[in-house]
Structure formats: C-alpha cells, structure tokens
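Just below is one structure, and these are the notes that go with it.
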Amino acid sequence: MDVTHIIREQVVSAVKKLYDATLSTDSILLNPTRKEFEGDYTVVVFPFTKAARKKPEAIGEELGNYLTEQVDEISGFNVIKGFLNLTISDHFWGKYLLSIAKNPDFCKHPATGKKIIVEFSSPNTNKPLHLGHIRNILLGWSCSKILEANGNTVVKTQIVNDRGIHICKSMVAWERFANGETPESSGLKGDHFVGKYYVAFNNEEKKQAEGLEEGQETEIMTATRAMLKKWEANDPEVKTLWSKMNGWVYSGFEQTYKSLGVHFDVNYYESETYLLGKGIIDKGLEDGIFYKKEDGSVWIDLEDAKLDHKLVLRSDGTSVYMTQDLGTARKRNEDHQMQGMTYVVGDEQNYHFKVLFEILKRLGEPYAENLHHLSYGMVGLPDGKMKSREGTVVDADDLIAEVIGEVEKDSKERGEIEGAPEAERREIFRMVGLGALKYQMLKVDPKKGMIFNPAESVALQGDTGPYVQFAYVRMQGILRKLEKGDNNADPAKYTSLHPHEKNLLLFIQQYPETLARAGANFDPSEIANYVFELASYFHKFLHDVKVLKAESEEAKAFRLELSKMVGRVLEAAFDLLGIEMPERM
RNA sequence: GGUCCAGUAGCUCAGCUGGAUAGAGCAACAGACUUCUAAUCUGUAGGUCCCAGGUUCGAAUCCUGGCUGGAUCACCA
C-alpha cells in the first residue's frame with residue numbers, strides 16, 4: 001500500500017475531527033519533503049487556516065500530534081511555518097519493499113480495455129531518414145510503450161508518403177542517369193541509393209534552369225509532371241518502376257528501423273489512401289456540417305472554434321490533405337475499431353491537427369474524443385537548421401554508426417570489457433551507443449525545439465543514457481558476486497534505514513504516478529527525468545553503503561532486495577524509452 | 001495583422017495541479033579508486049527565472065499588457 005494514500009486519508013479524517021471541515025483526499029497538498037528539512041512527506045497546512053481559524057503553526061502541531069498518535073506508519077513530525085513534515089517509521093519500509101518486490105505488475109497499470117493507434121515516422125520515399133525522423137520515431141515508439149504500460153492496447157502505424165511529384169523526380173533521374181544501376185550493383189543501402197537520384201534530379205534541374213526566364217519550367221520538370229500523370233493513369237511501365245524504386249527504399253528504411261529497435265504493426269500507404277475521404281464530404285454536406293461555394297469547392301466553417309473556414313474539397317472535386325486524413329482516420333477505425341489515435345507529427349502542423357480533430361468531432365466519429373497530436377519541435381543544429389539543399393542534413397544511419405563508434409573508442413580506453421567475446425562486446429557498444437542517442441533525444445520536453453550537436457557526438461557522462469545503464473550494470477555486478485544460498489535473513493527485520501535507502505524507496509514509490517502522468521501527457525521526457533534521478537540516488541547509495549559487506553544479514557538481505565527493485569524499475573523505465581540494459585559495460 | 005508555442009546559470013535542460021533558501025548535467029576549479037565496475041561520488045564557483053503590472057498568506061508557475069525568437073494562417077503535402 002502506497003503510504004501517500006494513507007497519509008491523505010488520515011489528514012482528511014483529522015481535519016474532519018479537529019476542525020469539522022470536509023475535504024477530498026486529492027485536495028490535500030502532499031509533497032516529498034525537501035532535502036534541507038527533516039522528514040519524508042510534507043503536508044501544506046495553509047489551506048486549512050480558513051476552516052480552523054488558527055495560525056498555520058498551531059494547525060501543524062495539532063495535525064502532527066493527531067497523525068503521530070493515530071497512524072502506525074507515521075513515527076514523528078516537525079512544523080516549520082505552514083509546513084508539516086512527517087516522518088515515516090522505518091518498519092514500514094521493509095514491509096513496503098517486500099510487497100512491491102512480490103508484485104510483478106508494479107511497473108505497469110491495469111488494462112483499460114482501450115485500443116489506441118499511434119502514427120509516427122511517416123517518411124517520404126525519395127530520401128533517407130535524418131535526424132528529424134529520429135526524434136519523431138523515438139517519440140512515437142516511446143509514446144506507444146508508455147500507453148501500453150498504462151494499460152492500453154497500442155497499434156503502431158506509419159503512413160508512407162509513397163506517391164506524388166517527389167518520387168517521380170527520383171524515378172526520372174534514375175531512368176536518365178543510372179544505366180541500370182541498382183542498390184545491389186552499387187553497394188548502396190536502398191534509401192540512400194534512391195536519395196542519390198533525387199539529388200541528381202535537383203542538380204540537373206538547377207543546371208537546366210540557368211538561362212531560363214523566371215517562371216519557365218525546365219524540361220526535366222515537365223517530364224516529371226508527365227510521369228506523375230502516367231502514374232495516376234496507372235501506366236504499367238511507370239507503376240513497375242515506381243514499385244521497384246519504392247521497394248529499394250523500404251528495404252533501406254527497414255534496416256534503419258531495425259537498428260533503432262522499432263517496428264510497426266500496420267503500414268498505410270498514401271498511394272492507397274489519397275483518394276479516401278470524399279464519401280465523408282458528401283455525407284457531411286447532406287448533414288450540413290460542410291457547405292459548398294458557387295465554384296463547387298467544399299468548406300467547413302469553424303469560426304465558433306476560433307479556427308476560421310477550411311477547404312475540404314477542391315472546386316474540381318479533388319481531395320486536399322485534410323480530405324485524405326479524414327478518410328484515413330475512418331478507414332483505420334474500420335480496420336481496428338480503436339478508441340483513440342495519437343499522431344506524432346512536427347509542430348508546424350499544429351493548426352492542421354486542430355482542424356482535423358474538430359472536424360472528426362463534428363462528424364461524430366466514435367474515437368473523436370480521444371485524439372492527440374504529439375507535437376514536437378524541430379531539431380536544430382548548433383549552426384542553424386538542417387537544410388537538404390545546403391547539405392547540412394544529419395543522416396540517421398551515419399549518426400547511429402558514429403555514436404556506436406564513439407562508445408567503442410571510449411570503452412577501449414576504459415578496458416573494462418576487453419576480456420569479453422567480440423560478439424558480446426559489439427552488442428554492448430550498440431546498446432550503450434543507442435542508449436546515449438535515444439536518451440539524449442527523449443529527455444527534453446517534446447514540444448520544445450532542441451539543439452543537437454553531432455560534432456560533439458553524444459555525451460556519455462552525467463545526465464545521459466549510459467549513466468543510467470551503468471547504475472543497472474553495477475546492480476548486476478553485485479548479483480554476480482553474490483554467493484548462492486548464504487542469506488536467509490528477512491529484509492523486513494531491517495529497521496535502521498540509511499537516508500539513501502529511504503530515499504530510494506520514497507522515489508520508487510513515485511514510479512506509478514510518474515508513469516500515469518507521462519501517459520496522460522504523452523511525454524517520454526517525464527520518464528527520462530525520473531529514471532535519471534533514480535539512477536543518481538542509486539549511485540550515491542552504492543558509493544556510501546556496502547551491500548555485500550553489510551553490517552548485518554538483515555541489512556544485506558534488505559539491500560539486495562532494494563537493489564534488485566531499483567534495477568527492475570530502471571529496466572522497465574528504460575524499456576519505455578526503447579533503451580536496452582546491458583549486463584556489463 | 002490573427003492564432004499557437006517557447007524565453008530559467010557560460011552551454012544543454014528540469015522545475016507536476018501556485019508552496020519553504022529556483023535545481024541537474026556539461027564546461028571550469030579542487031578532491032575521492034589495495035574496496036560490490038571511477039561511464040561513479042564529494043566540494044567550489046556560476047541566477048534581474050525576458051520586462052511591467054495584477055490576483056494572495058505565498059508566483060518561475062495563474063491573469064493582463066508588452067519585448068524577443070520560432071511555427072502557422074494555400075484550391076501544397
């Protein structure tokens with residue numbers, strides 16, 4: 001039983017008895033006591049002054065006396081100004097530790113029965129993934145894991161932007177310049193290979209544009225438009241080329257996803273969804289949700305939601321982005337019967353998603369009350385934005401390789417795992433490198449823009465992924481050294497807790513609510529910040545307290561159990577960030 | 001111009017629904033490995049929480065107005 005619930009309930013009944021005022025348990029302000037004061041939990045008593053008609057200090061004294069007498073778990077208190085600091089008795093903690101250690105579900109919440117679709121990544125098929133995609137993918141993956149840990153069923157999906165003028169550009173360039181070259185023959189990864197021809201297109205177009213009047217179209221661009229027309233007319237030759245080149249890109253993406261440790265449950269392709277949604281418009285017109293202008297275009301009036309008027313169908317009857325998204329949402333509901341959907345998309349589309357959600361609501365879609373746009377800020381480089389034209393794009397595969405290489409170099413200097421087999425060492429470099437990269441990307445609040453410095457590669461000390469992994473590794477090291485069957489002592493008999501030990505338990509106790517909050521806010525950074533703090537308390541604990549050479553068998557049993565529990569929470573929390581834990585490093 | 005978001009230490013960032021003397025990490029400086037892995041720990045130094053008002057016992061946090069930066073407001077996707 002979480003001791004904060006006990007305190008809340010007891011404060012409510014104390015206030016009722018002493019001052020005859022009725023409060024709800026969640027209106028009680030209860031915080032962990034700040035480090036500079038004595039105590040474990042602090043009740044803020046200012047809010048009771050009205051009902052009690054007494055000074056805050058007097059209320060604190062009365063409440064403190066009442067609670068210490070009535071509540072077994074509370075062993076003492078002190079009052080400073082309007083703050084009542086309560087001390088939890090040491091014998092509570094041993095019992096608490098055993099109870100959570102026995103609970104296999106401590107790190108997750110019970111099932112909600114809800115199914116939620118999470119859409120992320122959603123790449124174009126004309127160039128490789130870059131740093132911006134990495135943030136998107138990691139956020140999407142982590143958000144999915146967090147929603148799952150909060151008891152939801154999650155369907156991970158991406159919508160692949162596989163049609164349109166951009167892919168035709170690569171196709172035209174390949175036809176003209178490749179001489180039949182393929183990823184296999186060139187030794188290039190498929191997405192990089194196609195990206196190369198996208199660049200070739202841009203170079204050629206630039207060349208052709210020289211000497212042309214402003215507004216005049218280049219020959220290669222005209223050819224590209226013609227190809228798009230053929231694609232739309234289902235020209236078999238064009239479609240074959242299109243499938244071939246997209247196939248190359250997909251196999252490249254697959255590799256990148258694999259090295260990031262992510263996958264999708266379902267893929268949607270824009271080539272299959274871009275015509276959806278028109279039926280919704282027709283029905284919405286009948287129901288008066290949309291209106292038609294004289295030129296035949298269809299709009300929705302969202303002024304009462306402060307969103308202005310928005311086009312949903314062109315005058316020539318063709319779809320816009322919004323039409324397609326409406327159709328895709330409905331199709332997903334037909335496919336999966338979900339209770340909600342989360343879109344991981346950059347914050348430049350905030351307006352689009354506000355409008356989309358508002359329209360879905362007005363259409364009465366059953367999942368419309370549970371839609372969320374996980375909006376994230378752009379990833380910037382220290383010297384400005386990433387611009388593909390200026391070649392300042394940070395390639396995803398390069399970055400991953402660089403980070404792992406950096407870890408390898410660093411690890412060799414340390415020499416700690418030099419004796420391990422080559423395969424195991426490579427696996428460790430991979431886990432630690434990705435851990436560093438993922439943690440760095442996920443620890444900042446998604447909605448804020450972030451600066452990423454690839455030149456400094458990725459930090460390995462301090463507030464980093466490896467710092468947390470190292471805490472886990474140290475725990476594993478203790479378990480390895482533990483001699484089997486030499487300790488039958490009861491951890492609950494250990495009742496003179498070191499401040500670090502109490503601190504760890506107090507903090508572990510906060511994990512469930514942290515998880516719930518991260519889920520409610522769709523915010524992996526809350527998990528990252530939590531896990532860093534937990535690791536930091538554990539490192540301090542290991543520095544000051546001996547586990548294997550504890551002063552008593554009870555102390556040793558308690559510390560082992562505590563260390564294992566810390567390890568469990570660290571591992572579970574890092575799993576939510578998509579980061580693996582090495583056994584040694 | 002309208003809307004949305006951000007502004008906290010030299011740098012990168014925490015700070016939850018208003019609570020005590022605003023916190024970490026990096027970088028700098030000074031220390032701690034015959035000890036369960038020093039990818040660790042301890043200390044020093046570093047602040048006009050963008051500005052000005054307001055709300056109240058109390059504001060980095062809420063409200064109003066401004067300043068700065070970003071995004072967006074297409075019959076583009």
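Letters for chains follow the order of the structure tokens (A, B, ...), residue numbers begin at 1 for each chain, and ligand numbers begin at 1 in the order shown.
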
Next on the checklist: At a cut-off of 12 Å, using only C-alpha atoms (C1' of nucleotides), what residues contact C26 (chain B)? Leave out same-chain residues fewer than 4 positions from it and give the result as a PyMOL selection string.
Outcome noted: (chain A and resi 456+458-464) or (chain B and resi 9-13)

At most 8 Å is the cut-off: for each residue in chain B with any atom that close to an atom of chain A, write down the nearest atom pair and the distance in Å rounded to one decimal, counting only C-alpha atoms (C1' of nucleotides), chain first then increasing number, as a Markdown table.
| residue | atom | partner | partner_atom | distance |
| --- | --- | --- | --- | --- |
| B:C4 | C1' | A:Asn350 | CA | 7.6 |
| B:C5 | C1' | A:Lys447 | CA | 7.8 |
| B:A6 | C1' | A:Lys448 | CA | 6.8 |
| B:U12 | C1' | A:Ile451 | CA | 8.0 |
| B:C13 | C1' | A:Val444 | CA | 6.9 |
| B:A14 | C1' | A:Asn529 | CA | 7.4 |
| B:G19 | C1' | A:Val44 | CA | 7.3 |
| B:A20 | C1' | A:Phe83 | CA | 7.7 |
| B:A24 | C1' | A:Asp463 | CA | 7.8 |
| B:G25 | C1' | A:Asp463 | CA | 4.9 |
| B:C26 | C1' | A:Gly462 | CA | 7.7 |
| B:C36 | C1' | A:Ile478 | CA | 4.9 |
| B:U37 | C1' | A:Arg474 | CA | 6.6 |
| B:A39 | C1' | A:Gln461 | CA | 5.8 |
| B:U40 | C1' | A:His539 | CA | 6.7 |
| B:C41 | C1' | A:His543 | CA | 6.3 |
| B:C57 | C1' | A:Phe46 | CA | 7.6 |
| B:A71 | C1' | A:Glu348 | CA | 5.3 |
| B:U72 | C1' | A:Glu348 | CA | 6.4 |
| B:C75 | C1' | A:Arg314 | CA | 4.9 |
| B:A77 | C1' | A:Tyr321 | CA | 6.4 |

Checklist entry - DSSP on the backbone: what in region 32-121 of chain A comes out alpha helix (DSSP H), as number ranges by chain? => result A: 49-52, 56-70, 90-102

Checklist entry - Which residues, written as a list in words, have at least one atom at most 12 Å from A45 (chain B), with only C-alpha atoms (C1' of nucleotides) counted and residues fewer than 5 positions away on the same chain left out? => result A9, A28, C29 and A30 of chain B

Could you please take those selected residues and save all heavy atoms as an mmCIF file, in the first residue's frame?
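Okay, this is what ended up in result.cif:
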data_model
loop_
_atom_site.group_PDB
_atom_site.id
_atom_site.type_symbol
_atom_site.label_atom_id
_atom_site.label_comp_id
_atom_site.auth_asym_id
_atom_site.auth_seq_id
_atom_site.Cartn_x
_atom_site.Cartn_y
_atom_site.Cartn_z
ATOM 1 P P A B 9 19.611 31.084 -17.704
ATOM 2 O OP1 A B 9 20.136 32.209 -18.485
ATOM 3 O OP2 A B 9 19.371 29.773 -18.339
ATOM 4 O "O5'" A B 9 20.586 30.843 -16.465
ATOM 5 C "C5'" A B 9 21.166 31.962 -15.808
ATOM 6 C "C4'" A B 9 22.569 31.636 -15.379
ATOM 7 O "O4'" A B 9 22.505 30.633 -14.325
ATOM 8 C "C3'" A B 9 23.470 31.052 -16.468
ATOM 9 O "O3'" A B 9 24.786 31.559 -16.337
ATOM 10 C "C2'" A B 9 23.472 29.561 -16.171
ATOM 11 O "O2'" A B 9 24.647 28.913 -16.588
ATOM 12 C "C1'" A B 9 23.369 29.559 -14.653
ATOM 13 N N9 A B 9 22.809 28.327 -14.092
ATOM 14 C C8 A B 9 22.253 27.264 -14.732
ATOM 15 N N7 A B 9 21.873 26.292 -13.930
ATOM 16 C C5 A B 9 22.206 26.751 -12.666
ATOM 17 C C6 A B 9 22.059 26.211 -11.391
ATOM 18 N N6 A B 9 21.540 25.018 -11.148
ATOM 19 N N1 A B 9 22.498 26.938 -10.341
ATOM 20 C C2 A B 9 23.036 28.125 -10.578
ATOM 21 N N3 A B 9 23.219 28.756 -11.745
ATOM 22 C C4 A B 9 22.783 28.010 -12.750
ATOM 23 P P A B 28 36.732 21.480 -18.790
ATOM 24 O OP1 A B 28 38.011 21.430 -19.529
ATOM 25 O OP2 A B 28 36.273 20.292 -18.031
ATOM 26 O "O5'" A B 28 36.728 22.708 -17.774
ATOM 27 C "C5'" A B 28 37.070 24.008 -18.228
ATOM 28 C "C4'" A B 28 37.195 24.950 -17.057
ATOM 29 O "O4'" A B 28 35.870 25.238 -16.519
ATOM 30 C "C3'" A B 28 37.962 24.398 -15.860
ATOM 31 O "O3'" A B 28 39.363 24.504 -16.020
ATOM 32 C "C2'" A B 28 37.436 25.275 -14.725
ATOM 33 O "O2'" A B 28 38.062 26.537 -14.728
ATOM 34 C "C1'" A B 28 35.971 25.434 -15.125
ATOM 35 N N9 A B 28 35.103 24.461 -14.450
ATOM 36 C C8 A B 28 34.591 23.294 -14.958
ATOM 37 N N7 A B 28 33.824 22.636 -14.104
ATOM 38 C C5 A B 28 33.842 23.420 -12.973
ATOM 39 C C6 A B 28 33.225 23.285 -11.717
ATOM 40 N N6 A B 28 32.442 22.251 -11.378
ATOM 41 N N1 A B 28 33.437 24.247 -10.784
ATOM 42 C C2 A B 28 34.217 25.281 -11.112
ATOM 43 N N3 A B 28 34.851 25.527 -12.271
ATOM 44 C C4 A B 28 34.617 24.552 -13.168
ATOM 45 P P C B 29 40.314 23.374 -15.354
ATOM 46 O OP1 C B 29 41.673 23.660 -15.827
ATOM 47 O OP2 C B 29 39.716 22.040 -15.566
ATOM 48 O "O5'" C B 29 40.228 23.715 -13.804
ATOM 49 C "C5'" C B 29 40.715 24.946 -13.311
ATOM 50 C "C4'" C B 29 40.335 25.125 -11.867
ATOM 51 O "O4'" C B 29 38.883 25.192 -11.755
ATOM 52 C "C3'" C B 29 40.693 23.964 -10.946
ATOM 53 O "O3'" C B 29 42.064 23.945 -10.586
ATOM 54 C "C2'" C B 29 39.769 24.224 -9.770
ATOM 55 O "O2'" C B 29 40.228 25.288 -8.966
ATOM 56 C "C1'" C B 29 38.486 24.657 -10.495
ATOM 57 N N1 C B 29 37.579 23.509 -10.714
ATOM 58 C C2 C B 29 36.733 23.138 -9.649
ATOM 59 O O2 C B 29 36.786 23.780 -8.594
ATOM 60 N N3 C B 29 35.904 22.076 -9.803
ATOM 61 C C4 C B 29 35.883 21.409 -10.952
ATOM 62 N N4 C B 29 35.054 20.378 -11.051
ATOM 63 C C5 C B 29 36.731 21.769 -12.046
ATOM 64 C C6 C B 29 37.552 22.813 -11.885
ATOM 65 P P A B 30 42.798 22.531 -10.346
ATOM 66 O OP1 A B 30 44.237 22.814 -10.206
ATOM 67 O OP2 A B 30 42.320 21.569 -11.360
ATOM 68 O "O5'" A B 30 42.213 22.089 -8.935
ATOM 69 C "C5'" A B 30 42.419 22.919 -7.804
ATOM 70 C "C4'" A B 30 41.760 22.323 -6.598
ATOM 71 O "O4'" A B 30 40.314 22.447 -6.706
ATOM 72 C "C3'" A B 30 41.974 20.830 -6.402
ATOM 73 O "O3'" A B 30 43.245 20.514 -5.870
ATOM 74 C "C2'" A B 30 40.828 20.485 -5.457
ATOM 75 O "O2'" A B 30 41.114 20.912 -4.135
ATOM 76 C "C1'" A B 30 39.704 21.356 -6.036
ATOM 77 N N9 A B 30 38.887 20.593 -6.981
ATOM 78 C C8 A B 30 38.952 20.565 -8.357
ATOM 79 N N7 A B 30 38.076 19.757 -8.911
ATOM 80 C C5 A B 30 37.402 19.220 -7.830
ATOM 81 C C6 A B 30 36.345 18.291 -7.741
ATOM 82 N N6 A B 30 35.766 17.717 -8.789
ATOM 83 N N1 A B 30 35.890 17.960 -6.506
ATOM 84 C C2 A B 30 36.461 18.529 -5.439
ATOM 85 N N3 A B 30 37.459 19.413 -5.403
ATOM 86 C C4 A B 30 37.883 19.721 -6.643
#

Item to check | CA of Lys169 (chain A) to CA of Glu272 (chain A), distance in Å rounded to a single decimal | outcome: 20.0 Å

Item to check | Among the residues A:Ala572, A:Met341, A:Val379, A:Val199, the one that comes closest to G70 (chain B) [using only C-alpha atoms (C1' of nucleotides)] | outcome: A:Val379

Checklist entry - When you draw a straight line from CA of Gln324 (chain A) to CA of Ile281 (chain A), how long is it in Å? => result 10.6 Å

Item to check | Selection: 9 Å around C50 (chain B), only C-alpha atoms (C1' of nucleotides), excl. self and same-chain fewer than 3 positions, as a ChimeraX atom specification | outcome: /B:7,67-68

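Secondary structure by DSSP on the backbone puts the following residues of region 285-338 of chain A in strand (DSSP E or B): Tyr291, Lys292, Val298, Trp299, Ile300, Asp301, His309, Lys310, Leu311, Val312, Leu313 and Ser319 of chain A.
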
Would you mind listing what lies within 9 Å of Phe558 (chain A) as a PDB file with N, CA, C and O atoms, in the first residue's frame, with only C-alpha atoms (C1' of nucleotides) counted and same-chain residues fewer than 4 positions away left out?
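Result file result34.pdb:
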ATOM      1  N   GLY A  94      10.497  -1.759   5.174  1.00  0.00           N
ATOM      2  CA  GLY A  94      10.840  -3.141   4.884  1.00  0.00           C
ATOM      3  C   GLY A  94       9.640  -3.900   4.334  1.00  0.00           C
ATOM      4  O   GLY A  94       9.733  -4.642   3.348  1.00  0.00           O
ATOM      5  N   LEU A  97       8.859  -2.658   0.804  1.00  0.00           N
ATOM      6  CA  LEU A  97       9.798  -3.206  -0.173  1.00  0.00           C
ATOM      7  C   LEU A  97       9.412  -4.627  -0.557  1.00  0.00           C
ATOM      8  O   LEU A  97       9.368  -4.987  -1.736  1.00  0.00           O
ATOM      9  N   LEU A  98       9.102  -5.447   0.449  1.00  0.00           N
ATOM     10  CA  LEU A  98       8.725  -6.826   0.148  1.00  0.00           C
ATOM     11  C   LEU A  98       7.442  -6.888  -0.669  1.00  0.00           C
ATOM     12  O   LEU A  98       7.304  -7.703  -1.581  1.00  0.00           O
ATOM     13  N   ALA A 489      18.089 -14.246   5.691  1.00  0.00           N
ATOM     14  CA  ALA A 489      17.551 -13.240   6.607  1.00  0.00           C
ATOM     15  C   ALA A 489      16.323 -12.562   6.010  1.00  0.00           C
ATOM     16  O   ALA A 489      16.140 -12.522   4.800  1.00  0.00           O
ATOM     17  N   ASP A 490      15.504 -12.047   6.895  1.00  0.00           N
ATOM     18  CA  ASP A 490      14.268 -11.377   6.484  1.00  0.00           C
ATOM     19  C   ASP A 490      14.526  -9.873   6.302  1.00  0.00           C
ATOM     20  O   ASP A 490      14.848  -9.187   7.271  1.00  0.00           O
ATOM     21  N   PRO A 491      14.401  -9.375   5.098  1.00  0.00           N
ATOM     22  CA  PRO A 491      14.666  -7.949   4.846  1.00  0.00           C
ATOM     23  C   PRO A 491      13.779  -7.041   5.695  1.00  0.00           C
ATOM     24  O   PRO A 491      14.179  -5.936   6.053  1.00  0.00           O
ATOM     25  N   ALA A 492      12.590  -7.515   6.015  1.00  0.00           N
ATOM     26  CA  ALA A 492      11.654  -6.661   6.765  1.00  0.00           C
ATOM     27  C   ALA A 492      12.129  -6.444   8.198  1.00  0.00           C
ATOM     28  O   ALA A 492      11.652  -5.558   8.891  1.00  0.00           O
ATOM     29  N   LYS A 493      13.100  -7.261   8.648  1.00  0.00           N
ATOM     30  CA  LYS A 493      13.602  -7.081  10.017  1.00  0.00           C
ATOM     31  C   LYS A 493      14.615  -5.956  10.114  1.00  0.00           C
ATOM     32  O   LYS A 493      15.031  -5.565  11.193  1.00  0.00           O
ATOM     33  N   TYR A 494      15.022  -5.470   8.957  1.00  0.00           N
ATOM     34  CA  TYR A 494      15.999  -4.373   8.956  1.00  0.00           C
ATOM     35  C   TYR A 494      15.250  -3.066   9.141  1.00  0.00           C
ATOM     36  O   TYR A 494      14.432  -2.684   8.307  1.00  0.00           O
ATOM     37  N   VAL A 547      26.714  -3.272   0.186  1.00  0.00           N
ATOM     38  CA  VAL A 547      25.635  -4.250   0.070  1.00  0.00           C
ATOM     39  C   VAL A 547      26.126  -5.625   0.522  1.00  0.00           C
ATOM     40  O   VAL A 547      25.602  -6.212   1.462  1.00  0.00           O
ATOM     41  N   GLU A 553      23.104  -9.470   8.486  1.00  0.00           N
ATOM     42  CA  GLU A 553      22.462 -10.264   7.441  1.00  0.00           C
ATOM     43  C   GLU A 553      21.151  -9.623   6.995  1.00  0.00           C
ATOM     44  O   GLU A 553      20.793  -9.665   5.827  1.00  0.00           O
ATOM     45  N   GLU A 554      20.431  -9.033   7.962  1.00  0.00           N
ATOM     46  CA  GLU A 554      19.174  -8.362   7.616  1.00  0.00           C
ATOM     47  C   GLU A 554      19.441  -7.191   6.670  1.00  0.00           C
ATOM     48  O   GLU A 554      18.732  -6.985   5.693  1.00  0.00           O
ATOM     49  N   LEU A 562      16.437  -4.330  -2.268  1.00  0.00           N
ATOM     50  CA  LEU A 562      16.283  -2.944  -2.728  1.00  0.00           C
ATOM     51  C   LEU A 562      17.002  -2.737  -4.065  1.00  0.00           C
ATOM     52  O   LEU A 562      16.451  -2.142  -4.992  1.00  0.00           O
ATOM     53  N   SER A 563      18.226  -3.255  -4.171  1.00  0.00           N
ATOM     54  CA  SER A 563      18.986  -3.091  -5.408  1.00  0.00           C
ATOM     55  C   SER A 563      18.267  -3.747  -6.576  1.00  0.00           C
ATOM     56  O   SER A 563      18.192  -3.194  -7.674  1.00  0.00           O
TER      57      SER A 563
END

Checklist entry - Can you tell me how far CA of Lys108 (chain A) sits from CA of Asn150 (chain A), in Å to one decimal? => result 6.1 Å
